[in-house]
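K.L.:
Got a structure for you, protein_32.txt, holding compact mmCIF, C-alpha atoms and all ligand atoms.
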# COMPACT_ATOMS: atom_id res chain seq x y z
CA MET C 42 73.86 31.63 -7.85
CA GLU C 43 76.29 28.78 -8.28
CA THR C 44 76.64 28.13 -4.55
CA ASN C 45 72.83 28.00 -4.15
CA LYS C 46 72.30 25.16 -6.62
CA PRO C 47 73.45 22.15 -4.57
CA GLN C 48 71.36 23.36 -1.61
CA LYS C 49 68.19 23.44 -3.73
CA LYS C 50 68.93 19.94 -4.92
CA LYS C 51 69.12 18.64 -1.37
CA LYS C 52 65.82 20.27 -0.43
CA TRP C 53 63.75 18.13 -2.80
CA PHE C 54 65.99 15.09 -2.82
CA LEU C 55 65.22 13.87 0.70
CA PRO C 56 61.38 14.07 0.42
CA LEU C 57 61.58 12.28 -2.93
CA VAL C 58 63.58 9.38 -1.52
CA LEU C 59 61.29 9.17 1.50
CA SER C 60 58.09 9.13 -0.54
CA LEU C 61 59.58 6.54 -2.90
CA LEU C 62 60.43 4.33 0.05
CA LEU C 63 57.00 4.80 1.55
CA SER C 64 55.16 3.96 -1.67
CA THR C 65 57.30 0.86 -2.26
CA LEU C 66 56.48 -0.24 1.26
CA LEU C 67 52.76 0.34 0.66
CA ILE C 68 52.84 -1.62 -2.60
CA PHE C 69 54.58 -4.49 -0.84
CA ILE C 70 52.01 -4.51 1.93
CA THR C 71 49.01 -4.53 -0.45
CA VAL C 72 50.50 -7.23 -2.71
CA PHE C 73 51.42 -9.38 0.25
CA THR C 74 48.09 -9.11 2.10
CA SER C 75 45.87 -9.55 -1.00
CA SER C 76 47.78 -12.59 -2.23
CA SER C 77 47.72 -14.24 1.17
CA SER C 78 43.97 -13.64 1.62
CA SER C 79 43.06 -14.91 -1.85
CA SER C 80 45.19 -18.00 -1.44
CA SER C 81 43.58 -18.74 1.91
CA ARG C 82 40.14 -18.33 0.29
CA LEU C 83 41.09 -20.86 -2.39
CA TYR C 84 42.37 -23.20 0.25
CA LYS C 85 39.12 -22.99 2.17
CA THR C 86 36.91 -23.92 -0.79
CA ARG C 87 39.14 -26.80 -1.67
CA VAL C 88 39.02 -28.26 1.81
CA LYS C 89 35.39 -27.62 2.73
CA ASN C 90 33.39 -30.69 1.82
CA GLU C 91 31.09 -31.03 4.79
CA LEU C 92 27.32 -31.48 4.63
CA PRO C 93 25.28 -28.34 3.99
CA HIS C 94 23.29 -26.80 6.87
CA PHE C 95 19.54 -26.50 6.64
CA VAL C 96 17.27 -24.63 9.04
CA GLU C 97 15.07 -27.70 9.38
CA SER C 98 17.29 -29.87 11.52
CA LYS C 99 15.25 -32.98 10.78
CA LEU C 100 15.77 -32.68 7.07
CA LYS C 101 17.73 -35.65 5.83
CA VAL C 102 20.52 -34.53 3.54
CA SER C 103 21.28 -37.18 0.97
CA ALA C 104 24.88 -38.02 0.23
CA THR C 105 26.49 -36.68 -2.92
CA SER C 106 27.64 -39.14 -5.56
CA LYS C 107 31.11 -40.70 -5.49
CA ASP C 108 31.40 -40.88 -9.27
CA PRO C 109 34.64 -39.08 -10.25
CA VAL C 110 32.93 -37.25 -13.13
CA PRO C 111 29.73 -35.38 -12.23
CA ARG C 112 26.44 -35.34 -14.13
CA LEU C 113 24.30 -32.30 -14.80
CA ALA C 114 20.52 -32.04 -15.07
CA TYR C 115 19.25 -29.31 -17.35
CA LEU C 116 15.90 -27.65 -17.71
CA ILE C 117 15.64 -25.67 -20.94
CA SER C 118 12.44 -23.70 -21.21
CA GLY C 119 10.83 -21.49 -23.77
CA SER C 120 7.55 -20.10 -24.93
CA LYS C 121 5.70 -19.32 -28.16
CA GLY C 122 8.13 -19.21 -31.10
CA ASP C 123 11.09 -20.59 -29.12
CA GLY C 124 10.86 -24.14 -30.49
CA GLU C 125 13.73 -23.86 -32.95
CA SER C 126 16.13 -22.04 -30.63
CA LEU C 127 15.30 -24.53 -27.89
CA LYS C 128 16.35 -27.39 -30.19
CA ARG C 129 19.56 -25.53 -30.99
CA THR C 130 20.36 -24.99 -27.30
CA LEU C 131 19.58 -28.62 -26.51
CA LYS C 132 21.93 -29.86 -29.26
CA ALA C 133 24.70 -27.52 -28.10
CA LEU C 134 24.30 -28.63 -24.48
CA TYR C 135 23.88 -32.32 -25.17
CA HIS C 136 26.20 -34.78 -23.47
CA PRO C 137 25.50 -38.51 -22.92
CA ARG C 138 26.23 -38.22 -19.17
CA ASN C 139 23.72 -35.45 -18.55
CA GLN C 140 19.95 -35.37 -18.14
CA TYR C 141 17.60 -32.97 -19.90
CA ALA C 142 14.04 -31.73 -19.57
CA VAL C 143 12.69 -29.35 -22.20
CA HIS C 144 9.55 -27.32 -21.73
CA LEU C 145 7.56 -25.07 -24.04
CA ASP C 146 4.92 -23.26 -22.04
CA LEU C 147 1.21 -23.20 -22.82
CA GLU C 148 1.47 -20.02 -24.83
CA ALA C 149 3.22 -22.04 -27.54
CA SER C 150 0.78 -23.72 -29.90
CA ALA C 151 -0.02 -27.41 -29.58
CA GLU C 152 1.75 -27.96 -32.93
CA GLU C 153 4.91 -26.29 -31.75
CA ARG C 154 4.95 -28.38 -28.59
CA MET C 155 4.22 -31.55 -30.58
CA ASP C 156 7.04 -30.71 -32.96
CA LEU C 157 9.48 -30.47 -30.03
CA ALA C 158 8.21 -33.74 -28.54
CA LYS C 159 8.67 -35.44 -31.93
CA PHE C 160 12.17 -34.05 -32.29
CA VAL C 161 13.11 -35.48 -28.89
CA LYS C 162 11.53 -38.80 -29.77
CA ASN C 163 13.12 -39.15 -33.19
CA GLU C 164 16.70 -38.06 -32.50
CA PRO C 165 18.56 -41.43 -32.55
CA LEU C 166 21.08 -40.54 -29.81
CA PHE C 167 18.38 -39.23 -27.46
CA THR C 168 16.27 -42.37 -27.84
CA LYS C 169 19.27 -44.65 -27.43
CA LEU C 170 20.32 -43.07 -24.13
CA GLY C 171 16.88 -41.90 -23.00
CA ASN C 172 18.25 -38.84 -21.23
CA VAL C 173 16.09 -36.17 -22.89
CA ARG C 174 12.43 -35.68 -22.10
CA ALA C 175 9.86 -33.11 -23.12
CA VAL C 176 7.54 -31.96 -20.35
CA VAL C 177 4.22 -33.05 -21.83
CA ARG C 178 1.92 -31.50 -19.25
CA ALA C 179 2.96 -27.97 -20.10
CA ASN C 180 2.46 -25.07 -17.70
CA LEU C 181 1.77 -21.42 -18.36
CA VAL C 182 4.80 -19.49 -17.17
CA THR C 183 4.74 -15.80 -16.31
CA TYR C 184 8.07 -14.03 -16.20
CA ARG C 185 8.71 -12.80 -12.59
CA GLY C 186 5.63 -14.68 -11.36
CA PRO C 187 5.36 -17.65 -8.99
CA THR C 188 4.46 -19.86 -11.98
CA MET C 189 8.09 -19.50 -13.08
CA VAL C 190 9.25 -21.05 -9.80
CA THR C 191 6.58 -23.77 -9.85
CA ASN C 192 7.54 -24.68 -13.41
CA THR C 193 11.21 -24.95 -12.39
CA LEU C 194 10.28 -27.18 -9.43
CA HIS C 195 7.98 -29.29 -11.63
CA ALA C 196 10.86 -29.97 -14.04
CA ALA C 197 13.25 -30.68 -11.15
CA ALA C 198 10.75 -33.23 -9.81
CA ILE C 199 10.61 -34.93 -13.23
CA LEU C 200 14.40 -35.02 -13.39
CA PHE C 201 14.50 -36.58 -9.90
CA LYS C 202 11.97 -39.19 -10.88
CA GLU C 203 13.38 -40.14 -14.26
CA GLY C 204 16.88 -38.70 -14.42
CA GLY C 205 18.89 -40.96 -12.11
CA ASP C 206 21.92 -39.72 -10.16
CA TRP C 207 22.72 -36.24 -11.37
CA ASP C 208 24.75 -33.82 -9.23
CA TRP C 209 23.73 -30.29 -10.23
CA PHE C 210 20.63 -28.68 -11.66
CA ILE C 211 20.85 -25.85 -14.20
CA ASN C 212 17.85 -24.06 -15.67
CA LEU C 213 18.24 -22.17 -18.90
CA SER C 214 16.11 -20.37 -21.44
CA ALA C 215 15.85 -21.38 -25.10
CA SER C 216 17.85 -18.26 -25.97
CA ASP C 217 20.86 -19.23 -23.83
CA TYR C 218 23.90 -20.74 -25.50
CA PRO C 219 26.92 -22.43 -23.89
CA LEU C 220 30.36 -20.83 -24.12
CA VAL C 221 32.25 -23.99 -23.12
CA THR C 222 31.77 -27.59 -24.18
CA GLN C 223 30.11 -30.02 -21.79
CA ASP C 224 33.31 -32.08 -21.67
CA ASP C 225 35.25 -29.05 -20.42
CA LEU C 226 32.52 -28.13 -17.95
CA LEU C 227 32.31 -31.65 -16.50
CA HIS C 228 36.09 -31.76 -16.31
CA VAL C 229 36.25 -28.51 -14.32
CA LEU C 230 33.41 -29.58 -12.04
CA SER C 231 34.95 -32.97 -11.30
CA SER C 232 37.33 -31.41 -8.74
CA ILE C 233 34.67 -29.34 -6.95
CA PRO C 234 32.65 -30.45 -3.88
CA ARG C 235 29.24 -31.64 -5.07
CA ASN C 236 27.30 -29.73 -2.43
CA LEU C 237 28.36 -26.26 -3.58
CA ASN C 238 25.71 -24.00 -5.12
CA PHE C 239 26.55 -21.41 -7.72
CA ILE C 240 24.39 -18.32 -7.67
CA GLU C 241 25.18 -14.65 -7.68
CA HIS C 242 23.36 -13.16 -4.70
CA THR C 243 23.30 -10.33 -2.21
CA SER C 244 21.25 -9.42 0.85
CA ASP C 245 21.63 -5.75 -0.09
CA ILE C 246 18.34 -5.63 -1.94
CA GLY C 247 18.21 -1.80 -2.23
CA TRP C 248 15.34 -0.49 -4.36
CA LYS C 249 13.92 -3.99 -4.66
CA GLU C 250 12.67 -3.77 -1.06
CA ASN C 251 10.04 -1.26 -2.18
CA GLN C 252 9.59 -2.39 -5.78
CA ARG C 253 9.64 -6.16 -5.37
CA ALA C 254 9.35 -7.26 -1.72
CA LYS C 255 6.46 -5.07 -0.53
CA PRO C 256 4.04 -5.15 -3.47
CA VAL C 257 1.53 -7.97 -3.66
CA ILE C 258 1.28 -9.40 -7.16
CA ILE C 259 -1.19 -11.69 -8.90
CA ASP C 260 0.12 -14.16 -11.45
CA PRO C 261 -2.56 -14.79 -14.12
CA GLY C 262 -0.66 -17.93 -15.10
CA LEU C 263 -2.16 -19.59 -12.02
CA TYR C 264 -5.77 -19.44 -13.21
CA SER C 265 -5.92 -18.21 -16.80
CA LEU C 266 -5.05 -19.92 -20.06
CA GLN C 267 -4.22 -16.60 -21.69
CA LYS C 268 -0.77 -15.23 -21.09
CA SER C 269 -0.51 -11.77 -19.56
CA ASP C 270 1.96 -10.03 -17.28
CA VAL C 271 1.72 -10.17 -13.48
CA PHE C 272 -0.33 -7.32 -12.01
CA TRP C 273 -0.07 -5.37 -8.81
CA VAL C 274 -2.63 -5.17 -6.02
CA SER C 275 -3.02 -1.72 -4.41
CA GLU C 276 -2.27 -3.03 -0.91
CA LYS C 277 1.32 -3.56 0.21
CA ARG C 278 2.76 -5.93 2.76
CA SER C 279 5.63 -5.37 5.14
CA VAL C 280 8.99 -7.01 4.58
CA PRO C 281 9.02 -10.53 6.10
CA THR C 282 10.98 -10.84 9.33
CA ALA C 283 11.14 -14.63 9.71
CA TYR C 284 13.77 -14.89 6.99
CA LYS C 285 16.11 -12.63 5.11
CA LEU C 286 15.47 -11.68 1.50
CA PHE C 287 18.18 -11.98 -1.09
CA THR C 288 18.34 -10.91 -4.69
CA GLY C 289 20.52 -12.33 -7.41
CA SER C 290 21.00 -13.50 -10.94
CA ALA C 291 18.48 -15.66 -12.86
CA TRP C 292 21.29 -18.02 -13.84
CA MET C 293 22.28 -20.57 -11.28
CA MET C 294 23.59 -24.06 -10.73
CA LEU C 295 22.15 -25.74 -7.65
CA SER C 296 23.36 -28.89 -5.94
CA ARG C 297 21.23 -32.01 -5.76
CA PRO C 298 20.89 -31.83 -1.93
CA PHE C 299 19.70 -28.22 -2.20
CA ILE C 300 17.10 -28.99 -4.89
CA GLU C 301 15.91 -32.03 -2.91
C1 LIG F 401 15.63 -20.42 -13.34
O1 LIG F 401 14.59 -20.62 -12.40
C2 LIG F 401 14.34 -19.54 -11.51
C3 LIG F 401 13.28 -19.98 -10.52
O2 LIG F 401 12.14 -20.40 -11.15
C4 LIG F 401 13.94 -18.30 -12.30
O3 LIG F 401 13.76 -17.22 -11.44
C5 LIG F 401 15.03 -17.99 -13.32
O4 LIG F 401 14.63 -16.91 -14.11
C6 LIG F 401 15.32 -19.19 -14.20
N1 LIG F 401 16.46 -18.89 -15.05
C7 LIG F 401 16.42 -18.97 -16.36
C8 LIG F 401 17.68 -18.61 -17.07
O5 LIG F 401 15.43 -19.30 -16.97
Represent the structure of the file as structure tokens.
P.N.:
Amino acid sequence: METNKPQKKKKWFLPLVLSLLLSTLLIFITVFTSSSSSSSRLYKTRVKNELPHFVESKLKVSATSKDPVPRLAYLISGSKGDGESLKRTLKALYHPRNQYAVHLDLEASAEERMDLAKFVKNEPLFTKLGNVRAVVRANLVTYRGPTMVTNTLHAAAILFKEGGDWDWFINLSASDYPLVTQDDLLHVLSSIPRNLNFIEHTSDIGWKENQRAKPVIIDPGLYSLQKSDVFWVSEKRSVPTAYKLFTGSAWMMLSRPFIE
């Protein structure tokens, strides 16, 4: 019994040492490769500052501003009953450098829209700097419908026309609320190339190919004054082949050249 003991010990000792060595080696390899790839990714974004590529080669890409601190252009939109929360969001997002367009859609009553327009007009800081405007020719906006996109583009056009040299466009809903101050946000953005777009997206559209890409929808917001949801036509179309479809988050920050 006593002579057997040391032999048993040896039997498991060698595999243990070997597996320990192997796992340490593996840990080293993963730590080393992941840190080197993430640092090279960081390096790439810092260096890349070239002009964005557009499919239309004749499209003139305007230069981004040289101002050391960027400016943001916001669209804050809401509907019936959102007037008060829209004011709250606007106050929380307000910064003298930025530009703002606020929009209550046609489902909101005329009084509610007037009330918002008055608020914008009577706030001393807003009038002094003139960087907040209410979209007076309101649109009817249907969630998920093309009128949502047209409304966004309408506001972007207004901000181009009246908003001067802003660098990024952000569209928010009245119910959104910032988690960082505008000073902090502008500070962080001041070191980032002005032509970068921020949007979560993927070309792996999964179930959306059948549920979103193939159905043909009608947006009542295009012809009716009464708000109702989009509705589906019985016919389906095939997935477009001339371009690739992506899906992503509703929250985004798009560069001025991209919006242009
Ligand atoms: C921003 O605009 C896009 C395009 O119109 C829309 O799909 C998205 O829902 C909007 N995001 C918010 C937060 O309103």
K.L.:
Using all atoms listed in the file, what are the residues with an atom within 8 Å of ligand LIG 401 (chain F), set out as a list in words?
P.N.:
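If we count all atoms listed in the file, the neighbours of ligand LIG 401 (chain F) turn out to be Ile117, Ser118, Tyr184, Arg185, Pro187, Thr188, Met189, Val190, Thr191, Asn192, Thr193, Leu194, Ile211, Asn212, Leu213, Ser214, Asp217, Ser290, Ala291, Trp292 and Met293 of chain C.
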K.L.:
Now that the selection is made, can you save its residues with C-alpha atoms as a PDB file, keeping the file's coordinate frame?
P.N.:
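Saved to result_36.pdb:
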ATOM      1  CA  ILE C 117      15.640 -25.670 -20.940  1.00  0.00           C
ATOM      2  CA  SER C 118      12.440 -23.700 -21.210  1.00  0.00           C
ATOM      3  CA  TYR C 184       8.070 -14.030 -16.200  1.00  0.00           C
ATOM      4  CA  ARG C 185       8.710 -12.800 -12.590  1.00  0.00           C
ATOM      5  CA  PRO C 187       5.360 -17.650  -8.990  1.00  0.00           C
ATOM      6  CA  THR C 188       4.460 -19.860 -11.980  1.00  0.00           C
ATOM      7  CA  MET C 189       8.090 -19.500 -13.080  1.00  0.00           C
ATOM      8  CA  VAL C 190       9.250 -21.050  -9.800  1.00  0.00           C
ATOM      9  CA  THR C 191       6.580 -23.770  -9.850  1.00  0.00           C
ATOM     10  CA  ASN C 192       7.540 -24.680 -13.410  1.00  0.00           C
ATOM     11  CA  THR C 193      11.210 -24.950 -12.390  1.00  0.00           C
ATOM     12  CA  LEU C 194      10.280 -27.180  -9.430  1.00  0.00           C
ATOM     13  CA  ILE C 211      20.850 -25.850 -14.200  1.00  0.00           C
ATOM     14  CA  ASN C 212      17.850 -24.060 -15.670  1.00  0.00           C
ATOM     15  CA  LEU C 213      18.240 -22.170 -18.900  1.00  0.00           C
ATOM     16  CA  SER C 214      16.110 -20.370 -21.440  1.00  0.00           C
ATOM     17  CA  ASP C 217      20.860 -19.230 -23.830  1.00  0.00           C
ATOM     18  CA  SER C 290      21.000 -13.500 -10.940  1.00  0.00           C
ATOM     19  CA  ALA C 291      18.480 -15.660 -12.860  1.00  0.00           C
ATOM     20  CA  TRP C 292      21.290 -18.020 -13.840  1.00  0.00           C
ATOM     21  CA  MET C 293      22.280 -20.570 -11.280  1.00  0.00           C
TER      22      MET C 293
END
K.L.:
At a cut-off of 10 Å, using only C-alpha atoms, what residues contact Asp146 in chain C? Leave out same-chain residues fewer than 5 positions from it and give the result as a VMD selection string.
P.N.:
chain C and resid 118 to 121 123 151 154 176 to 183 192 268
K.L.:
Output C-alpha atoms for every residue in the selection just made, as a compact mmCIF listing (two decimals), in the frame of the given file.
P.N.:
# COMPACT_ATOMS: atom_id res chain seq x y z
CA SER C 118 12.44 -23.70 -21.21
CA GLY C 119 10.83 -21.49 -23.77
CA SER C 120 7.55 -20.10 -24.93
CA LYS C 121 5.70 -19.32 -28.16
CA ASP C 123 11.09 -20.59 -29.12
CA ALA C 151 -0.02 -27.41 -29.58
CA ARG C 154 4.95 -28.38 -28.59
CA VAL C 176 7.54 -31.96 -20.35
CA VAL C 177 4.22 -33.05 -21.83
CA ARG C 178 1.92 -31.50 -19.25
CA ALA C 179 2.96 -27.97 -20.10
CA ASN C 180 2.46 -25.07 -17.70
CA LEU C 181 1.77 -21.42 -18.36
CA VAL C 182 4.80 -19.49 -17.17
CA THR C 183 4.74 -15.80 -16.31
CA ASN C 192 7.54 -24.68 -13.41
CA LYS C 268 -0.77 -15.23 -21.09
K.L.:
Taking a cut-off of 6 Å and counting all atoms listed in the file, can you build a table that, for each residue of range 170-249 of chain C near range 137-144 of chain C, reports the nearest atom pair and how far apart they are in Å (one decimal), sorted by chain then residue number, as CSV?
P.N.:
residue,atom,partner,partner_atom,distance
C:Asn172,CA,C:Gln140,CA,4.9
C:Val173,CA,C:Tyr141,CA,4.6
C:Arg174,CA,C:Ala142,CA,5.0
C:Ala175,CA,C:Val143,CA,4.8
C:Val176,CA,C:His144,CA,5.2
C:Gly204,CA,C:Gln140,CA,5.9
K.L.:
List the neighbours of Val274 in chain C out to 10 Å using all atoms listed in the file; skip same-chain residues closer than 5 positions along the sequence, and give me the result as a PyMOL selection string.
P.N.:
chain C and resi 256-259
K.L.:
Between CA of Leu230 in chain C and CA of Phe299 in chain C, measure the distance and give it in Å to one decimal.
P.N.:
16.9 Å
K.L.:
How many Å lie between CA of Arg297 in chain C and CA of Lys249 in chain C, rounded to one decimal?
P.N.:
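Straight-line distance from CA of Arg297 in chain C to CA of Lys249 in chain C works out to 29.0 Å.
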K.L.:
Would you pick out the contacts of range 280-286 of chain C at 7 Å or less, using only C-alpha atoms, so that residues sharing its chain but fewer than 4 positions from it are not included, and give the list as a list in words?
P.N.:
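Residues near the query, excluding close chain neighbours: Ser244, Ala254 and Lys255 of chain C.
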K.L.:
Go through C:Met294, C:Val58, C:Met155, C:Ile70 and flag the residue nearest Asp208 in chain C, using all atoms listed in the file for the distances.
P.N.:
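Checking each candidate against Asp208 in chain C, we get C:Met294 as the closest.
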K.L.:
Between CA of Ser106 in chain C and CA of Trp207 in chain C, measure the distance and give it in Å to one decimal.
P.N.:
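If I compute the distance from CA of Ser106 in chain C to CA of Trp207 in chain C, I get 8.1 Å.
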K.L.:
With distances taken over all atoms listed in the file, which of C:Leu147, C:Leu237, C:Leu200, C:Ala114 is nearest to Gln223 in chain C?
P.N.:
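Of all the options, C:Ala114 lies closest to Gln223 in chain C.
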K.L.:
Set up a box along x, y and z of the file covering all listed atoms of range 202-210 of chain C, add 3 Å on every one of the six sides, and write the centre and edge lengths in Å to one decimal, as lines of an AutoDock Vina configuration file.
P.N.:
center_x = 18.4
center_y = -34.8
center_z = -11.8
size_x = 18.8
size_y = 18.3
size_z = 11.2
K.L.:
Check the smallest atom-to-atom distance from each of C:Leu157, C:Val102, C:Val229, C:Gly186 to Pro261 in chain C using all atoms listed in the file, then report the winner.
P.N.:
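Among the listed residues, C:Gly186 lies closest to Pro261 in chain C.
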K.L.:
Would you pick out the contacts of Glu164 in chain C at 12 Å or less, using only C-alpha atoms, so that residues sharing its chain but fewer than 4 positions from it are not included, and give the list as a list in words?
P.N.:
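Within the cut-off, the hits are Lys128, Leu131, Lys132, Tyr135, Leu157, Ala158, Lys159, Phe160, Thr168, Lys169, Leu170, Gly171, Asn172, Val173 and Arg174 of chain C.
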K.L.:
Save out the residues we just selected, C-alpha atoms, as a PDB file, in the coordinates of the input.
P.N.:
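Result file follows (again_23.pdb):
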ATOM      1  CA  LYS C 128      16.350 -27.390 -30.190  1.00  0.00           C
ATOM      2  CA  LEU C 131      19.580 -28.620 -26.510  1.00  0.00           C
ATOM      3  CA  LYS C 132      21.930 -29.860 -29.260  1.00  0.00           C
ATOM      4  CA  TYR C 135      23.880 -32.320 -25.170  1.00  0.00           C
ATOM      5  CA  LEU C 157       9.480 -30.470 -30.030  1.00  0.00           C
ATOM      6  CA  ALA C 158       8.210 -33.740 -28.540  1.00  0.00           C
ATOM      7  CA  LYS C 159       8.670 -35.440 -31.930  1.00  0.00           C
ATOM      8  CA  PHE C 160      12.170 -34.050 -32.290  1.00  0.00           C
ATOM      9  CA  THR C 168      16.270 -42.370 -27.840  1.00  0.00           C
ATOM     10  CA  LYS C 169      19.270 -44.650 -27.430  1.00  0.00           C
ATOM     11  CA  LEU C 170      20.320 -43.070 -24.130  1.00  0.00           C
ATOM     12  CA  GLY C 171      16.880 -41.900 -23.000  1.00  0.00           C
ATOM     13  CA  ASN C 172      18.250 -38.840 -21.230  1.00  0.00           C
ATOM     14  CA  VAL C 173      16.090 -36.170 -22.890  1.00  0.00           C
ATOM     15  CA  ARG C 174      12.430 -35.680 -22.100  1.00  0.00           C
TER      16      ARG C 174
END
